[in-house]
>>> print(open('run_1.cif').read())   # mmCIF, C-alpha atoms and all ligand atoms
data_protein
#
loop_
_atom_site.label_atom_id
_atom_site.label_comp_id
_atom_site.auth_asym_id
_atom_site.auth_seq_id
_atom_site.Cartn_x
_atom_site.Cartn_y
_atom_site.Cartn_z
CA MET A 89 61.77 67.85 72.38
CA HIS A 90 65.18 66.35 72.97
CA LYS A 91 64.66 63.95 70.06
CA ARG A 92 63.78 66.86 67.79
CA ILE A 93 66.88 68.75 68.89
CA TRP A 94 68.99 65.64 68.36
CA ARG A 95 67.61 65.27 64.80
CA GLY A 96 68.47 68.91 64.13
CA VAL A 97 71.94 68.45 65.54
CA ARG A 98 72.47 65.33 63.45
CA GLN A 99 71.49 67.25 60.30
CA LEU A 100 73.82 70.06 61.35
CA ALA A 101 76.69 67.62 61.87
CA GLU A 102 76.10 66.29 58.35
CA LYS A 103 75.85 69.77 56.88
CA LEU A 104 79.03 70.97 58.56
CA LYS A 105 80.83 67.80 57.43
CA ILE A 106 81.91 67.19 61.04
CA ARG A 107 82.58 63.53 60.23
CA GLU A 108 84.95 64.42 57.39
CA LEU A 109 86.66 67.10 59.48
CA THR A 110 87.08 65.17 62.72
CA GLY A 111 87.13 61.53 61.63
CA LEU A 112 84.34 60.80 64.14
CA ASN A 113 81.45 58.53 63.14
CA ILE A 114 78.08 60.23 62.68
CA SER A 115 76.85 59.34 66.16
CA ASP A 116 80.00 60.69 67.86
CA ALA A 117 80.01 63.72 65.56
CA SER A 118 76.36 64.42 66.45
CA MET A 119 77.18 64.09 70.14
CA LEU A 120 80.04 66.55 69.73
CA VAL A 121 77.77 69.10 68.03
CA GLU A 122 75.08 68.48 70.67
CA ASP A 123 77.65 69.14 73.43
CA LEU A 124 78.80 72.33 71.74
CA VAL A 125 75.20 73.53 71.40
CA ASP A 126 74.53 72.71 75.08
CA ILE A 127 77.64 74.63 76.15
CA GLN A 128 76.70 77.60 74.01
CA ILE A 129 73.18 77.64 75.48
CA ARG A 130 74.63 77.51 79.00
CA ASN A 131 76.92 80.43 78.14
CA LEU A 132 73.91 82.47 77.03
CA LEU A 133 71.85 81.54 80.10
CA ASP A 134 74.67 82.48 82.48
CA ARG A 135 75.91 85.55 80.63
CA GLU A 136 73.90 88.21 82.41
CA LYS A 137 74.68 86.83 85.87
CA PHE A 138 78.34 86.43 84.93
CA LEU A 139 78.61 90.07 83.82
CA LYS A 140 77.49 91.20 87.27
CA THR A 141 80.36 89.34 88.99
CA ARG A 142 83.53 91.06 90.10
CA LYS A 143 85.90 88.40 91.41
CA ARG A 144 86.54 86.11 88.44
CA VAL A 145 88.85 83.29 87.56
CA LEU A 146 90.08 81.90 84.26
CA PHE A 147 90.94 78.19 83.98
CA LEU A 148 93.18 77.20 81.08
CA PRO A 149 94.01 73.65 79.92
CA HIS A 150 97.64 72.52 80.13
CA CYS A 151 97.22 70.73 76.77
CA SER A 152 97.38 74.07 74.91
CA ARG A 153 100.93 74.80 76.08
CA LYS A 154 103.43 75.22 73.26
CA TYR A 155 105.42 72.27 74.58
CA MET A 156 104.24 69.25 76.52
CA ASP A 157 107.76 68.13 77.42
CA GLY A 158 110.69 69.61 79.36
CA ARG A 159 110.91 72.56 76.96
CA CYS A 160 107.87 74.01 78.75
CA ARG A 161 109.42 75.77 81.74
CA ALA A 162 106.21 75.77 83.78
CA HIS A 163 106.29 73.91 87.07
CA PHE A 164 103.37 72.20 88.69
CA ASP A 165 102.51 73.21 92.24
CA PRO A 166 100.38 70.45 93.81
CA LYS A 167 99.40 72.76 96.66
CA VAL A 168 97.39 75.05 94.34
CA PRO A 169 97.00 72.72 92.30
CA ALA A 170 98.08 74.31 88.97
CA TYR A 171 101.03 75.00 86.68
CA HIS A 172 103.01 78.21 87.14
CA CYS A 173 103.90 79.39 83.64
CA ALA A 174 107.49 80.68 83.30
CA HIS A 175 106.58 82.70 80.17
CA CYS A 176 109.39 81.06 78.21
CA SER A 177 107.72 81.43 74.79
CA PRO A 178 105.98 84.63 73.69
CA ASP A 179 104.10 82.71 70.97
CA CYS A 180 102.72 80.07 73.39
CA LEU A 181 98.91 80.17 73.35
CA ILE A 182 98.75 79.68 77.11
CA ASN A 183 101.21 82.49 77.69
CA LYS A 184 99.05 84.82 75.56
CA ALA A 185 95.83 83.71 77.30
CA ILE A 186 97.37 84.28 80.74
CA ALA A 187 98.32 87.83 79.74
CA LEU A 188 94.81 88.43 78.40
CA GLY A 189 93.12 87.04 81.51
CA LYS A 190 95.28 89.07 83.88
CA GLU A 191 94.81 92.22 81.81
CA ARG A 192 91.05 91.75 82.30
CA GLY A 193 91.44 91.35 86.06
CA HIS A 194 91.07 87.56 86.30
CA ASP A 195 93.10 85.19 88.44
CA VAL A 196 94.46 82.61 85.99
CA TYR A 197 95.23 78.92 86.56
CA VAL A 198 96.72 76.46 84.08
CA LEU A 199 95.29 73.07 84.98
CA PRO A 200 96.20 69.49 84.18
CA GLY A 201 92.50 68.60 84.47
CA GLY A 202 89.11 69.65 85.76
CA THR A 203 89.61 67.61 88.93
CA CYS A 204 91.73 70.52 90.27
CA ILE A 205 88.80 72.95 90.06
CA PRO A 206 86.84 72.00 93.24
CA GLN A 207 89.96 72.49 95.37
CA ILE A 208 90.64 75.94 93.88
CA LEU A 209 87.01 77.02 94.24
CA GLU A 210 86.96 75.91 97.86
CA LYS A 211 90.04 77.99 98.70
CA ASN A 212 88.87 81.13 96.88
CA SER A 213 85.52 82.86 96.77
CA TYR A 214 85.24 83.39 93.03
CA GLU A 215 81.94 84.82 91.82
CA GLY A 216 82.42 84.03 88.12
CA VAL A 217 84.37 81.41 86.17
CA VAL A 218 85.68 81.29 82.62
CA GLY A 219 86.91 77.88 81.49
CA VAL A 220 88.69 76.74 78.35
CA GLY A 221 88.60 73.05 77.52
CA CYS A 222 87.32 70.19 75.40
CA SER A 223 83.59 69.47 75.42
CA GLN A 224 83.94 66.70 78.02
CA GLU A 225 85.81 68.94 80.49
CA LEU A 226 83.44 71.83 79.88
CA LYS A 227 80.40 69.63 80.47
CA GLU A 228 81.76 68.37 83.78
CA GLY A 229 82.88 71.86 84.80
CA GLY A 230 79.46 73.25 83.90
CA GLU A 231 77.75 70.72 86.17
CA LEU A 232 80.08 71.59 89.04
CA LEU A 233 79.39 75.32 88.67
CA LYS A 234 75.66 74.69 88.43
CA ASN A 235 75.76 72.82 91.75
CA LYS A 236 77.75 75.65 93.32
CA ASN A 237 75.50 78.29 91.76
CA ILE A 238 78.46 80.11 90.18
CA PRO A 239 77.91 81.55 86.69
CA GLY A 240 80.34 80.19 84.14
CA GLN A 241 81.41 80.98 80.62
CA ALA A 242 83.06 78.39 78.43
CA VAL A 243 85.42 78.52 75.47
CA PHE A 244 85.87 75.22 73.69
CA LEU A 245 88.98 73.84 72.11
CA ILE A 246 88.95 73.98 68.33
CA LYS A 247 91.61 71.25 68.25
CA ASN A 248 91.33 68.45 70.81
CA GLY A 249 93.62 65.59 71.67
CA CYS A 250 95.19 66.28 75.09
CA ALA A 251 98.39 67.69 73.48
CA ASN A 252 99.03 70.61 71.17
CA THR A 253 95.39 71.60 71.47
CA LYS A 254 94.15 74.99 70.34
CA PHE A 255 91.46 77.50 71.19
CA ASN A 256 90.52 80.79 69.63
CA LEU A 257 92.09 83.66 71.52
CA LYS A 258 89.58 86.07 69.99
CA SER A 259 86.67 83.98 71.36
CA LEU A 260 88.30 84.05 74.79
CA GLU A 261 88.75 87.81 74.57
CA GLU A 262 85.05 88.27 73.72
CA ILE A 263 83.99 86.07 76.64
CA LEU A 264 86.29 87.92 79.06
S1 LIG B 301 105.06 80.06 77.93
FE1 LIG B 301 104.48 79.02 79.87
S2 LIG B 301 103.03 77.40 79.31
FE2 LIG B 301 104.03 78.11 77.41
S3 LIG B 301 105.68 76.68 77.08
FE3 LIG B 301 106.55 78.42 78.27
S4 LIG B 301 106.32 77.94 80.45
FE4 LIG B 301 105.07 76.47 79.26
S1 LIG B 302 91.80 67.72 75.53
FE1 LIG B 302 90.33 67.93 77.25
S2 LIG B 302 90.73 66.16 78.60
FE2 LIG B 302 92.52 66.37 77.22
S3 LIG B 302 93.97 67.59 78.44
FE3 LIG B 302 92.82 69.01 77.09
S4 LIG B 302 91.08 69.75 78.30
FE4 LIG B 302 91.92 67.92 79.37
#
>>> encode(input="run_1.cif", output="structure tokens")
Amino acid sequence: MHKRIWRGVRQLAEKLKIRELTGLNISDASMLVEDLVDIQIRNLLDREKFLKTRKRVLFLPHCSRKYMDGRCRAHFDPKVPAYHCAHCSPDCLINKAIALGKERGHDVYVLPGGTCIPQILEKNSYEGVVGVGCSQELKEGGELLKNKNIPGQAVFLIKNGCANTKFNLKSLEEIL
């Protein structure tokens, strides 16, 4: 079954010209599409349970900040651990996502990496999690939530690279 899915994914990667768009070789491109399909399936499987939760959290990746240098006025608090955004730039994607998350009643954390998540989940009793990240981070986060039996919803980055990354705010809004 997995082989059949992989073949389908490989054909999809070719059809969508993932290699041309991302510069990845066909095997890496297929893996990327396979990861995205897995994440989407997990979103669907968890959706109903997630919608029944009340205390929710939104995790955002620090790599989508407008600036990755001193021009970003956020400061990192290792005790949380997360960045506190200073809202210096109205057009910063993270700034907009924080406003959206809070508007929908979520606690919001801007994280330097998924390794901060266990600590935050241990300190707070969140019932549902929304995470934005690259496929690797989302896969690892998904496994963690599965082990903790917390329903999660994922939004993947449409531009990766650990700096100046992007996600679709509309997709996040729909998930929230
Ligand atoms: S709005 Fe927040 S995250 Fe964006 S650059 Fe300013 S301080 Fe950093
Ligand atoms: S691209 Fe992925 S691994 Fe890199 S900083 Fe962003 S979320 Fe983390």
>>> closest_atom_pairs(input="run_1.cif", of="chain A", to="ligand LIG 301 (chain B)", cutoff="12 Å", atoms="all atoms listed in the file", output="Markdown table")
| residue | atom | partner | partner_atom | distance |
| --- | --- | --- | --- | --- |
| A:Leu148 | CA | B:LIG301 | S2 | 10.0 |
| A:Pro149 | CA | B:LIG301 | S2 | 9.8 |
| A:His150 | CA | B:LIG301 | S2 | 7.3 |
| A:Cys151 | CA | B:LIG301 | S2 | 9.2 |
| A:Ser152 | CA | B:LIG301 | S2 | 7.9 |
| A:Arg153 | CA | B:LIG301 | S2 | 4.6 |
| A:Lys154 | CA | B:LIG301 | S3 | 4.7 |
| A:Tyr155 | CA | B:LIG301 | S3 | 5.1 |
| A:Met156 | CA | B:LIG301 | S3 | 7.6 |
| A:Asp157 | CA | B:LIG301 | S3 | 8.8 |
| A:Gly158 | CA | B:LIG301 | FE4 | 8.9 |
| A:Arg159 | CA | B:LIG301 | S3 | 6.7 |
| A:Cys160 | CA | B:LIG301 | FE4 | 3.8 |
| A:Arg161 | CA | B:LIG301 | S4 | 4.0 |
| A:Ala162 | CA | B:LIG301 | S4 | 4.0 |
| A:His163 | CA | B:LIG301 | S4 | 7.8 |
| A:Phe164 | CA | B:LIG301 | S4 | 10.5 |
| A:Ala170 | CA | B:LIG301 | S2 | 11.3 |
| A:Tyr171 | CA | B:LIG301 | S2 | 8.0 |
| A:His172 | CA | B:LIG301 | FE1 | 7.5 |
| A:Cys173 | CA | B:LIG301 | FE1 | 3.8 |
| A:Ala174 | CA | B:LIG301 | S4 | 4.1 |
| A:His175 | CA | B:LIG301 | S1 | 3.8 |
| A:Cys176 | CA | B:LIG301 | FE3 | 3.9 |
| A:Ser177 | CA | B:LIG301 | S1 | 4.3 |
| A:Pro178 | CA | B:LIG301 | S1 | 6.3 |
| A:Asp179 | CA | B:LIG301 | S1 | 7.5 |
| A:Cys180 | CA | B:LIG301 | FE2 | 4.7 |
| A:Leu181 | CA | B:LIG301 | FE2 | 6.9 |
| A:Ile182 | CA | B:LIG301 | S2 | 5.3 |
| A:Asn183 | CA | B:LIG301 | S1 | 4.6 |
| A:Lys184 | CA | B:LIG301 | S1 | 8.0 |
| A:Ala185 | CA | B:LIG301 | S2 | 9.8 |
| A:Ile186 | CA | B:LIG301 | FE1 | 8.9 |
| A:Ala187 | CA | B:LIG301 | S1 | 10.4 |
| A:Tyr197 | CA | B:LIG301 | S2 | 10.8 |
| A:Val198 | CA | B:LIG301 | S2 | 8.0 |
| A:Leu199 | CA | B:LIG301 | S2 | 10.5 |
| A:Pro200 | CA | B:LIG301 | S2 | 11.5 |
| A:Asn252 | CA | B:LIG301 | S3 | 10.8 |
>>> write_last_selection(input="run_1.cif", atoms="C-alpha atoms", output="PDB file, in the coordinates of the input")
ATOM      1  CA  LEU A 148      93.180  77.200  81.080  1.00  0.00           C
ATOM      2  CA  PRO A 149      94.010  73.650  79.920  1.00  0.00           C
ATOM      3  CA  HIS A 150      97.640  72.520  80.130  1.00  0.00           C
ATOM      4  CA  CYS A 151      97.220  70.730  76.770  1.00  0.00           C
ATOM      5  CA  SER A 152      97.380  74.070  74.910  1.00  0.00           C
ATOM      6  CA  ARG A 153     100.930  74.800  76.080  1.00  0.00           C
ATOM      7  CA  LYS A 154     103.430  75.220  73.260  1.00  0.00           C
ATOM      8  CA  TYR A 155     105.420  72.270  74.580  1.00  0.00           C
ATOM      9  CA  MET A 156     104.240  69.250  76.520  1.00  0.00           C
ATOM     10  CA  ASP A 157     107.760  68.130  77.420  1.00  0.00           C
ATOM     11  CA  GLY A 158     110.690  69.610  79.360  1.00  0.00           C
ATOM     12  CA  ARG A 159     110.910  72.560  76.960  1.00  0.00           C
ATOM     13  CA  CYS A 160     107.870  74.010  78.750  1.00  0.00           C
ATOM     14  CA  ARG A 161     109.420  75.770  81.740  1.00  0.00           C
ATOM     15  CA  ALA A 162     106.210  75.770  83.780  1.00  0.00           C
ATOM     16  CA  HIS A 163     106.290  73.910  87.070  1.00  0.00           C
ATOM     17  CA  PHE A 164     103.370  72.200  88.690  1.00  0.00           C
ATOM     18  CA  ALA A 170      98.080  74.310  88.970  1.00  0.00           C
ATOM     19  CA  TYR A 171     101.030  75.000  86.680  1.00  0.00           C
ATOM     20  CA  HIS A 172     103.010  78.210  87.140  1.00  0.00           C
ATOM     21  CA  CYS A 173     103.900  79.390  83.640  1.00  0.00           C
ATOM     22  CA  ALA A 174     107.490  80.680  83.300  1.00  0.00           C
ATOM     23  CA  HIS A 175     106.580  82.700  80.170  1.00  0.00           C
ATOM     24  CA  CYS A 176     109.390  81.060  78.210  1.00  0.00           C
ATOM     25  CA  SER A 177     107.720  81.430  74.790  1.00  0.00           C
ATOM     26  CA  PRO A 178     105.980  84.630  73.690  1.00  0.00           C
ATOM     27  CA  ASP A 179     104.100  82.710  70.970  1.00  0.00           C
ATOM     28  CA  CYS A 180     102.720  80.070  73.390  1.00  0.00           C
ATOM     29  CA  LEU A 181      98.910  80.170  73.350  1.00  0.00           C
ATOM     30  CA  ILE A 182      98.750  79.680  77.110  1.00  0.00           C
ATOM     31  CA  ASN A 183     101.210  82.490  77.690  1.00  0.00           C
ATOM     32  CA  LYS A 184      99.050  84.820  75.560  1.00  0.00           C
ATOM     33  CA  ALA A 185      95.830  83.710  77.300  1.00  0.00           C
ATOM     34  CA  ILE A 186      97.370  84.280  80.740  1.00  0.00           C
ATOM     35  CA  ALA A 187      98.320  87.830  79.740  1.00  0.00           C
ATOM     36  CA  TYR A 197      95.230  78.920  86.560  1.00  0.00           C
ATOM     37  CA  VAL A 198      96.720  76.460  84.080  1.00  0.00           C
ATOM     38  CA  LEU A 199      95.290  73.070  84.980  1.00  0.00           C
ATOM     39  CA  PRO A 200      96.200  69.490  84.180  1.00  0.00           C
ATOM     40  CA  ASN A 252      99.030  70.610  71.170  1.00  0.00           C
TER      41      ASN A 252
END
>>> residues_near_ligand(input="run_1.cif", ligand="ligand LIG 302 (chain B)", cutoff="12 Å", atoms="all atoms listed in the file", output="number ranges by chain")
A: 147-153, 156, 198-204, 219-229, 242-255
>>> atom_distance(input="run_1.cif", atom1="atom CA of A:Arg135", atom2="atom CA of A:Leu120")
22.3 Å
>>> residues_around(input="run_1.cif", residues="A:Val168", least_positions_apart="2", cutoff="8 Å", atoms="only C-alpha atoms", output="compact mmCIF listing (two decimals) with C-alpha atoms, keeping the file's coordinate frame")
# COMPACT_ATOMS: atom_id res chain seq x y z
CA ASP A 165 102.51 73.21 92.24
CA PRO A 166 100.38 70.45 93.81
CA ALA A 170 98.08 74.31 88.97
CA GLN A 207 89.96 72.49 95.37
CA ILE A 208 90.64 75.94 93.88
>>> atom_distance(input="run_1.cif", atom1="atom CA of A:Glu122", atom2="atom CA of A:Asn237")
23.3 Å
>>> closest_residue(input="run_1.cif", among="A:Glu136, A:Val217, A:Arg142, A:Lys211", to="A:Val196", atoms="all atoms listed in the file")
A:Val217
>>> atom_distance(input="run_1.cif", atom1="atom CA of A:Leu257", atom2="atom CA of A:Gly96")
28.8 Å
>>> residues_around(input="run_1.cif", residues="A:Arg130", least_positions_apart="2", cutoff="10 Å", atoms="all atoms listed in the file", output="VMD selection string")
chain A and resid 124 to 128 132 to 135 227 230 234 239 to 242
